[in-house]
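Novice: Got model.cif for you, mmCIF, C-alpha atoms:
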```cif
data_entry
loop_
_atom_site.group_PDB
_atom_site.id
_atom_site.type_symbol
_atom_site.label_atom_id
_atom_site.label_comp_id
_atom_site.auth_asym_id
_atom_site.auth_seq_id
_atom_site.Cartn_x
_atom_site.Cartn_y
_atom_site.Cartn_z
ATOM 1 C CA MET A 56 126.532 112.193 94.476
ATOM 2 C CA TYR A 57 123.011 111.083 95.292
ATOM 3 C CA GLY A 58 121.243 107.937 96.397
ATOM 4 C CA ILE A 59 117.756 106.582 96.916
ATOM 5 C CA ALA A 60 116.403 103.963 99.327
ATOM 6 C CA ASP A 61 115.223 100.816 97.558
ATOM 7 C CA LEU A 62 114.646 98.928 100.809
ATOM 8 C CA SER A 63 111.506 99.397 102.857
ATOM 9 C CA ILE A 64 113.378 100.859 105.858
ATOM 10 C CA VAL A 65 117.029 101.881 106.065
ATOM 11 C CA PRO A 66 118.430 102.643 109.548
ATOM 12 C CA MET A 67 120.231 105.982 109.767
ATOM 13 C CA ARG A 68 122.931 106.056 112.438
ATOM 14 C CA LEU A 69 124.717 108.759 114.388
ATOM 15 C CA GLU A 70 128.151 107.315 113.583
ATOM 16 C CA PRO A 71 129.426 104.907 110.878
ATOM 17 C CA SER A 72 129.036 101.791 113.011
ATOM 18 C CA GLU A 73 126.425 99.063 113.446
ATOM 19 C CA ARG A 74 126.700 99.702 117.187
ATOM 20 C CA SER A 75 125.902 103.399 116.850
ATOM 21 C CA GLU A 76 122.436 104.566 117.838
ATOM 22 C CA MET A 77 119.765 104.881 115.177
ATOM 23 C CA VAL A 78 118.779 108.535 114.851
ATOM 24 C CA SER A 79 116.258 108.199 112.031
ATOM 25 C CA GLN A 80 115.206 106.011 109.116
ATOM 26 C CA VAL A 81 115.179 106.401 105.341
ATOM 27 C CA LEU A 82 112.011 105.050 103.741
ATOM 28 C CA PHE A 83 111.548 103.468 100.324
ATOM 29 C CA GLY A 84 111.818 106.044 97.546
ATOM 30 C CA GLU A 85 113.364 108.836 99.638
ATOM 31 C CA ILE A 86 116.405 110.498 98.074
ATOM 32 C CA PHE A 87 119.474 111.973 99.692
ATOM 33 C CA SER A 88 122.788 113.597 98.910
ATOM 34 C CA ILE A 89 126.019 111.841 99.858
ATOM 35 C CA GLU A 90 128.163 114.103 102.016
ATOM 36 C CA GLU A 91 130.966 111.693 102.898
ATOM 37 C CA GLU A 92 131.802 108.052 102.304
ATOM 38 C CA THR A 93 133.946 105.190 103.490
ATOM 39 C CA GLU A 94 134.325 101.686 102.108
ATOM 40 C CA LYS A 95 131.252 100.533 104.061
ATOM 41 C CA TRP A 96 129.344 103.682 105.060
ATOM 42 C CA LEU A 97 127.731 106.755 103.521
ATOM 43 C CA LYS A 98 127.108 109.996 105.378
ATOM 44 C CA ILE A 99 123.892 111.309 103.856
ATOM 45 C CA LYS A 100 121.575 114.307 104.014
ATOM 46 C CA LEU A 101 117.915 113.575 103.361
ATOM 47 C CA GLN A 102 116.324 115.722 100.686
ATOM 48 C CA HIS A 103 112.989 116.250 102.432
ATOM 49 C CA ASP A 104 114.203 117.445 105.855
ATOM 50 C CA ASP A 105 118.008 117.936 105.588
ATOM 51 C CA TYR A 106 118.591 115.367 108.344
ATOM 52 C CA VAL A 107 122.129 113.990 108.431
ATOM 53 C CA GLY A 108 123.332 110.531 109.432
ATOM 54 C CA TRP A 109 125.167 107.401 108.308
ATOM 55 C CA ILE A 110 123.776 104.431 106.372
ATOM 56 C CA ASP A 111 125.285 101.175 105.143
ATOM 57 C CA ARG A 112 126.138 101.775 101.482
ATOM 58 C CA LYS A 113 124.663 98.358 100.548
ATOM 59 C CA MET A 114 121.218 99.577 101.609
ATOM 60 C CA CYS A 115 120.640 102.002 98.738
ATOM 61 C CA ILE A 116 121.236 102.551 95.047
ATOM 62 C CA PHE A 117 123.029 105.497 93.480
ATOM 63 C CA VAL A 118 121.190 107.877 91.172
ATOM 64 C CA SER A 119 122.279 110.520 88.715
ATOM 65 C CA ASP A 120 122.083 114.289 89.117
ATOM 66 C CA GLU A 121 119.533 114.326 86.280
ATOM 67 C CA TYR A 122 117.302 111.860 88.098
ATOM 68 C CA VAL A 123 117.361 113.995 91.259
ATOM 69 C CA THR A 124 116.614 117.157 89.267
ATOM 70 C CA ASP A 125 113.561 115.512 87.705
ATOM 71 C CA TYR A 126 112.530 114.027 91.071
ATOM 72 C CA CYS A 127 112.560 117.456 92.719
ATOM 73 C CA LYS A 128 110.697 119.217 89.917
ATOM 74 C CA GLU A 129 107.385 117.780 91.012
ATOM 75 C CA GLU A 130 105.786 116.443 94.180
ATOM 76 C CA GLN A 131 106.222 112.673 94.256
ATOM 77 C CA LEU A 132 103.345 110.552 95.537
ATOM 78 C CA ARG A 133 103.639 109.124 99.055
ATOM 79 C CA THR A 134 101.756 106.103 100.357
ATOM 80 C CA THR A 135 99.218 106.713 103.099
ATOM 81 C CA GLU A 136 98.319 103.114 103.927
ATOM 82 C CA VAL A 137 99.955 101.245 106.773
ATOM 83 C CA PHE A 138 101.577 98.965 104.178
ATOM 84 C CA ASN A 139 101.787 98.561 100.401
ATOM 85 C CA ILE A 140 103.467 95.947 98.225
ATOM 86 C CA VAL A 141 105.810 96.571 95.305
ATOM 87 C CA ASN A 142 107.698 94.194 93.027
ATOM 88 C CA LYS A 143 111.019 94.810 91.301
ATOM 89 C CA THR A 144 111.119 93.918 87.611
ATOM 90 C CA GLY A 145 112.977 90.632 87.180
ATOM 91 C CA ASP A 146 112.623 89.715 90.855
ATOM 92 C CA TYR A 147 110.348 86.928 92.064
ATOM 93 C CA SER A 148 109.642 88.287 95.532
ATOM 94 C CA HIS A 149 107.399 91.095 96.685
ATOM 95 C CA LYS A 150 108.591 93.914 98.895
ATOM 96 C CA LEU A 151 106.514 95.331 101.731
ATOM 97 C CA ILE A 152 106.811 99.115 102.021
ATOM 98 C CA VAL A 153 105.529 101.211 104.902
ATOM 99 C CA GLY A 154 103.276 104.257 105.126
ATOM 100 C CA GLY A 155 105.023 107.430 104.037
ATOM 101 C CA SER A 156 107.118 105.680 101.392
ATOM 102 C CA VAL A 157 107.656 107.569 98.135
ATOM 103 C CA LEU A 158 106.626 106.197 94.728
ATOM 104 C CA PRO A 159 108.875 108.108 92.327
ATOM 105 C CA PHE A 160 107.453 108.830 88.868
ATOM 106 C CA LEU A 161 104.467 106.557 89.472
ATOM 107 C CA ASP A 162 102.470 105.823 86.331
ATOM 108 C CA ILE A 163 98.915 105.471 87.629
ATOM 109 C CA GLU A 164 97.791 103.391 84.642
ATOM 110 C CA THR A 165 100.596 100.824 84.688
ATOM 111 C CA GLY A 166 101.647 101.043 88.329
ATOM 112 C CA LYS A 167 105.282 101.405 87.276
ATOM 113 C CA ILE A 168 107.724 103.202 89.625
ATOM 114 C CA ARG A 169 111.187 104.369 88.585
ATOM 115 C CA LEU A 170 113.916 104.214 91.225
ATOM 116 C CA GLY A 171 117.013 105.569 89.575
ATOM 117 C CA ASP A 172 117.756 105.519 85.881
ATOM 118 C CA GLU A 173 117.144 101.821 85.272
ATOM 119 C CA VAL A 174 115.478 100.171 88.293
ATOM 120 C CA ILE A 175 111.751 99.667 87.734
ATOM 121 C CA TYR A 176 109.236 98.554 90.351
ATOM 122 C CA SER A 177 105.544 97.781 89.983
ATOM 123 C CA LEU A 178 102.937 98.675 92.567
ATOM 124 C CA VAL A 179 101.106 95.446 93.415
ATOM 125 C CA THR A 180 98.478 96.769 95.845
ATOM 126 C CA LYS A 181 95.951 99.513 95.226
ATOM 127 C CA LEU A 182 96.569 102.957 96.651
ATOM 128 C CA ARG A 183 94.233 104.496 99.173
ATOM 129 C CA GLU A 184 92.406 107.527 97.844
ATOM 130 C CA ALA A 185 93.973 110.798 98.929
ATOM 131 C CA GLY A 186 92.369 112.345 101.986
ATOM 132 C CA VAL A 187 90.174 115.346 101.372
ATOM 133 C CA GLY A 188 88.383 117.862 103.524
ATOM 134 C CA ASN A 189 89.478 119.564 106.700
ATOM 135 C CA ILE A 190 93.246 119.387 107.187
ATOM 136 C CA ARG A 191 92.849 119.065 110.959
ATOM 137 C CA ASP A 192 90.570 116.041 110.618
ATOM 138 C CA LEU A 193 93.081 114.531 108.198
ATOM 139 C CA LEU A 194 95.964 115.003 110.656
ATOM 140 C CA ILE A 195 94.036 113.201 113.395
ATOM 141 C CA GLU A 196 93.054 110.407 111.009
ATOM 142 C CA TYR A 197 96.689 109.813 110.083
ATOM 143 C CA ALA A 198 97.832 110.096 113.707
ATOM 144 C CA MET A 199 95.391 107.401 114.798
ATOM 145 C CA MET A 200 96.717 105.099 112.059
ATOM 146 C CA TYR A 201 99.814 104.817 114.270
ATOM 147 C CA TYR A 202 97.833 104.095 117.453
ATOM 148 C CA ASN A 203 99.543 101.426 119.579
ATOM 149 C CA THR A 204 102.702 101.471 117.434
ATOM 150 C CA PRO A 205 105.622 100.666 119.786
ATOM 151 C CA TYR A 206 108.044 103.442 120.669
ATOM 152 C CA LEU A 207 111.387 103.209 118.882
ATOM 153 C CA TRP A 208 114.119 105.834 119.159
ATOM 154 C CA GLY A 209 114.756 107.107 115.628
ATOM 155 C CA GLY A 210 111.699 105.276 114.232
ATOM 156 C CA ARG A 211 109.396 106.652 111.537
ATOM 157 C CA THR A 212 107.168 103.641 110.767
ATOM 158 C CA HIS A 213 104.360 101.452 112.064
ATOM 159 C CA TYR A 214 107.017 98.956 113.190
ATOM 160 C CA GLY A 215 108.264 101.546 115.686
ATOM 161 C CA ILE A 216 108.226 105.314 115.978
ATOM 162 C CA ASP A 217 109.430 108.074 118.289
ATOM 163 C CA CYS A 218 107.551 111.207 119.333
ATOM 164 C CA SER A 219 108.923 113.578 116.698
ATOM 165 C CA GLY A 220 108.887 110.831 114.075
ATOM 166 C CA LEU A 221 105.149 110.551 114.694
ATOM 167 C CA THR A 222 104.488 114.264 114.255
ATOM 168 C CA GLN A 223 106.750 114.511 111.224
ATOM 169 C CA MET A 224 105.169 111.525 109.477
ATOM 170 C CA VAL A 225 101.588 112.571 110.246
ATOM 171 C CA TYR A 226 102.206 116.005 108.794
ATOM 172 C CA ARG A 227 104.139 114.530 105.857
ATOM 173 C CA LEU A 228 101.224 112.242 104.987
ATOM 174 C CA ALA A 229 98.967 115.303 105.042
ATOM 175 C CA GLY A 230 101.305 117.127 102.655
ATOM 176 C CA MET A 231 103.032 119.401 105.191
ATOM 177 C CA ALA A 232 106.764 119.420 105.947
ATOM 178 C CA LEU A 233 108.212 119.327 109.461
ATOM 179 C CA PRO A 234 111.835 118.924 110.613
ATOM 180 C CA ARG A 235 112.865 115.598 112.155
ATOM 181 C CA ASP A 236 113.442 116.437 115.838
ATOM 182 C CA ALA A 237 111.142 118.039 118.407
ATOM 183 C CA SER A 238 113.799 120.671 119.185
ATOM 184 C CA GLN A 239 113.683 121.643 115.495
ATOM 185 C CA GLN A 240 109.912 121.420 115.098
ATOM 186 C CA VAL A 241 109.309 123.821 117.981
ATOM 187 C CA ARG A 242 110.987 126.592 115.976
ATOM 188 C CA LYS A 243 108.278 126.360 113.295
ATOM 189 C CA GLY A 244 104.727 127.719 113.238
ATOM 190 C CA ASN A 245 103.002 130.247 115.478
ATOM 191 C CA THR A 246 102.951 130.122 119.281
ATOM 192 C CA LEU A 247 99.606 129.953 121.074
ATOM 193 C CA SER A 248 99.240 131.652 124.450
ATOM 194 C CA PHE A 249 96.809 129.198 126.033
ATOM 195 C CA LEU A 250 95.890 125.550 125.633
ATOM 196 C CA GLU A 251 92.284 126.633 125.120
ATOM 197 C CA GLU A 252 93.319 128.280 121.834
ATOM 198 C CA ALA A 253 94.646 125.020 120.398
ATOM 199 C CA GLN A 254 92.699 123.034 117.838
ATOM 200 C CA ALA A 255 92.958 119.433 116.684
ATOM 201 C CA GLY A 256 96.223 118.880 114.854
ATOM 202 C CA ASP A 257 98.199 121.579 116.667
ATOM 203 C CA LEU A 258 101.403 120.532 118.410
ATOM 204 C CA ALA A 259 102.270 120.619 122.103
ATOM 205 C CA PHE A 260 105.927 120.591 123.156
ATOM 206 C CA PHE A 261 107.286 119.404 126.468
ATOM 207 C CA GLY A 262 110.635 119.760 128.196
ATOM 208 C CA ASP A 263 112.787 119.672 131.278
ATOM 209 C CA ASN A 264 113.415 122.288 133.955
ATOM 210 C CA ASP A 265 116.202 123.801 131.855
ATOM 211 C CA GLY A 266 113.767 124.496 129.028
ATOM 212 C CA PHE A 267 115.155 121.891 126.618
ATOM 213 C CA ILE A 268 112.428 120.406 124.409
ATOM 214 C CA THR A 269 112.318 116.640 124.854
ATOM 215 C CA HIS A 270 108.856 115.581 123.677
ATOM 216 C CA VAL A 271 106.070 116.523 121.255
ATOM 217 C CA GLY A 272 102.515 115.386 120.656
ATOM 218 C CA ILE A 273 99.449 116.132 118.538
ATOM 219 C CA ILE A 274 96.543 117.851 120.275
ATOM 220 C CA TRP A 275 93.123 116.292 119.820
ATOM 221 C CA GLN A 276 89.689 117.279 121.022
ATOM 222 C CA ASP A 277 88.447 117.225 124.637
ATOM 223 C CA ASN A 278 91.872 117.979 126.157
ATOM 224 C CA ARG A 279 93.469 114.861 124.735
ATOM 225 C CA ILE A 280 96.820 114.383 123.059
ATOM 226 C CA ILE A 281 98.184 111.711 120.699
ATOM 227 C CA HIS A 282 101.859 111.024 121.363
ATOM 228 C CA ALA A 283 104.529 108.315 121.369
ATOM 229 C CA SER A 284 105.564 107.326 124.887
ATOM 230 C CA GLY A 285 106.155 103.590 125.255
ATOM 231 C CA ARG A 286 103.692 103.296 122.399
ATOM 232 C CA VAL A 287 101.526 105.683 120.432
ATOM 233 C CA ARG A 288 98.789 106.473 122.911
ATOM 234 C CA VAL A 289 96.105 108.974 123.843
ATOM 235 C CA ASP A 290 96.344 110.791 127.179
ATOM 236 C CA ARG A 291 94.896 113.869 128.816
ATOM 237 C CA ILE A 292 96.641 117.247 128.592
ATOM 238 C CA ASP A 293 96.209 120.391 130.662
ATOM 239 C CA HIS A 294 98.233 123.509 131.445
ATOM 240 C CA ILE A 295 100.652 121.414 133.530
ATOM 241 C CA GLY A 296 101.367 118.775 130.913
ATOM 242 C CA ILE A 297 100.459 115.200 129.985
ATOM 243 C CA PHE A 298 98.594 113.105 132.541
ATOM 244 C CA ASN A 299 99.232 109.430 131.855
ATOM 245 C CA GLU A 300 95.974 107.540 132.373
ATOM 246 C CA ASP A 301 97.743 104.248 133.110
ATOM 247 C CA LEU A 302 100.289 105.603 135.580
ATOM 248 C CA LYS A 303 97.857 108.127 137.103
ATOM 249 C CA ARG A 304 100.481 110.860 137.145
ATOM 250 C CA TYR A 305 101.983 113.625 135.024
ATOM 251 C CA THR A 306 104.785 112.408 132.789
ATOM 252 C CA HIS A 307 105.646 115.450 130.635
ATOM 253 C CA GLN A 308 105.821 119.157 131.493
ATOM 254 C CA LEU A 309 104.131 121.461 128.978
ATOM 255 C CA LYS A 310 106.382 124.190 127.559
ATOM 256 C CA VAL A 311 104.977 125.481 124.259
ATOM 257 C CA ILE A 312 101.884 125.109 122.074
ATOM 258 C CA LYS A 313 102.282 125.755 118.359
ATOM 259 C CA THR A 314 100.012 125.788 115.342
ATOM 260 C CA MET A 315 101.571 124.823 112.037
ATOM 261 C CA ILE A 316 98.375 125.514 110.098
ATOM 262 C CA LEU A 317 98.724 129.158 109.084
#
```
What would you get if you wrote out this structure as structure tokens?

Specialist:
Amino acid sequence: MYGIADLSIVPMRLEPSERSEMVSQVLFGEIFSIEEETEKWLKIKLQHDDYVGWIDRKMCIFVSDEYVTDYCKEEQLRTTEVFNIVNKTGDYSHKLIVGGSVLPFLDIETGKIRLGDEVIYSLVTKLREAGVGNIRDLLIEYAMMYYNTPYLWGGRTHYGIDCSGLTQMVYRLAGMALPRDASQQVRKGNTLSFLEEAQAGDLAFFGDNDGFITHVGIIWQDNRIIHASGRVRVDRIDHIGIFNEDLKRYTHQLKVIKTMIL
């Protein structure tokens, strides 16, 4: 069984309970397989990153195997604006969708989007032109779109985002796939020996004294880093870690530097 998110943001929880912590979010147009179900809850696995969690079954629609096969045959367009507006056929209200949402089977001429076998949406707002040029410049451009977004554990949107949600979404907008969590992301790419080797768009990982990775950020120019800590912010980075300009102290201990651009 498969489903697709037809709400702007669907909270994904660790356990099948409203009181359980949110571990991630499913965005409009993202598909998933259904691994387990109860009367109220679905245990799902997201198609794009294999992340597993529970969602309220009222917050999605079910789709056929054929729909998913067609969906996966080609790269579906993702929005790169902070917000876009869509409208469901037969509905009088508009729906606000966030950056990184998927527009399945978008017809550029008509603006029609097909969610499932029968549900049709129309794109109301114009799409931003796809970014071109240097991939590193594009990563920084997308990262700064989230500047000042409040920190939210499990968040992946401009309403709230966590550190690994930021890196995953920035890379996703640029057309590159990353796992959901920092501890998973650190296993990807190539390791750099020194901070001086890093270029804009590379990732820096931080951890505790036991070596567990607890934080990630996007390296920028002039020894700066874009990361989500309280909010999406820009701080200084050196061989020790992140120096918080507001607190005037180090807040994160540098462990690994990776490049995902091979």

Novice: Could you tell me how far atom CA of Asp265 of chain A lies from atom CA of Tyr206 of chain A, in Å and to one decimal?

Specialist: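 Result for atom CA of Asp265 of chain A versus atom CA of Tyr206 of chain A: 24.6 Å, one decimal.
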
Novice: What separation in Å, quoted to one decimal, exists between atom CA of Ser148 of chain A and atom CA of Gly84 of chain A?

Specialist: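 If I compute the distance from atom CA of Ser148 of chain A to atom CA of Gly84 of chain A, I get 18.0 Å.
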
Novice: Convert the output of the PyMOL selection byres ((chain A and resi 58) around 9) on the shown file into explicit residues, formatted as a ChimeraX atom specification.

Specialist: /A:56-57,59-60,85-89,99,115-119,123,171

Novice: For this structure, which residues satisfy the selection - the PyMOL selection byres ((chain A and resi 152-163) around 8) - when it is evaluated on the file as given? I want them as a PyMOL selection string.

Specialist: chain A and resi 62-64+82-85+126+131-141+150-151+164-170+212-213+224+227-228

Novice: Could you tell me, as a list of chain:residue names, exactly which residues end up selected when the PyMOL selection byres ((chain A and resi 232) around 8) is applied to this structure?

Specialist: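 The output of the PyMOL selection byres ((chain A and resi 232) around 8) on this file is A:His103, A:Asp104, A:Gln223, A:Tyr226, A:Arg227, A:Gly230, A:Met231, A:Leu233, A:Pro234.
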
Novice: Using only C-alpha atoms, which of A:Val287, A:Ile297, A:Met200, A:Ile190 sits nearest Leu317 of chain A?

Specialist: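 Once distances to Leu317 of chain A are computed over only C-alpha atoms, the minimum belongs to A:Ile190.
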
Novice: A:His282, A:Arg183, A:Lys100, A:His307: which is nearest Tyr201 of chain A, counting only C-alpha atoms?

Specialist: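 Ranked by minimum distance to Tyr201 of chain A, first place goes to A:His282.
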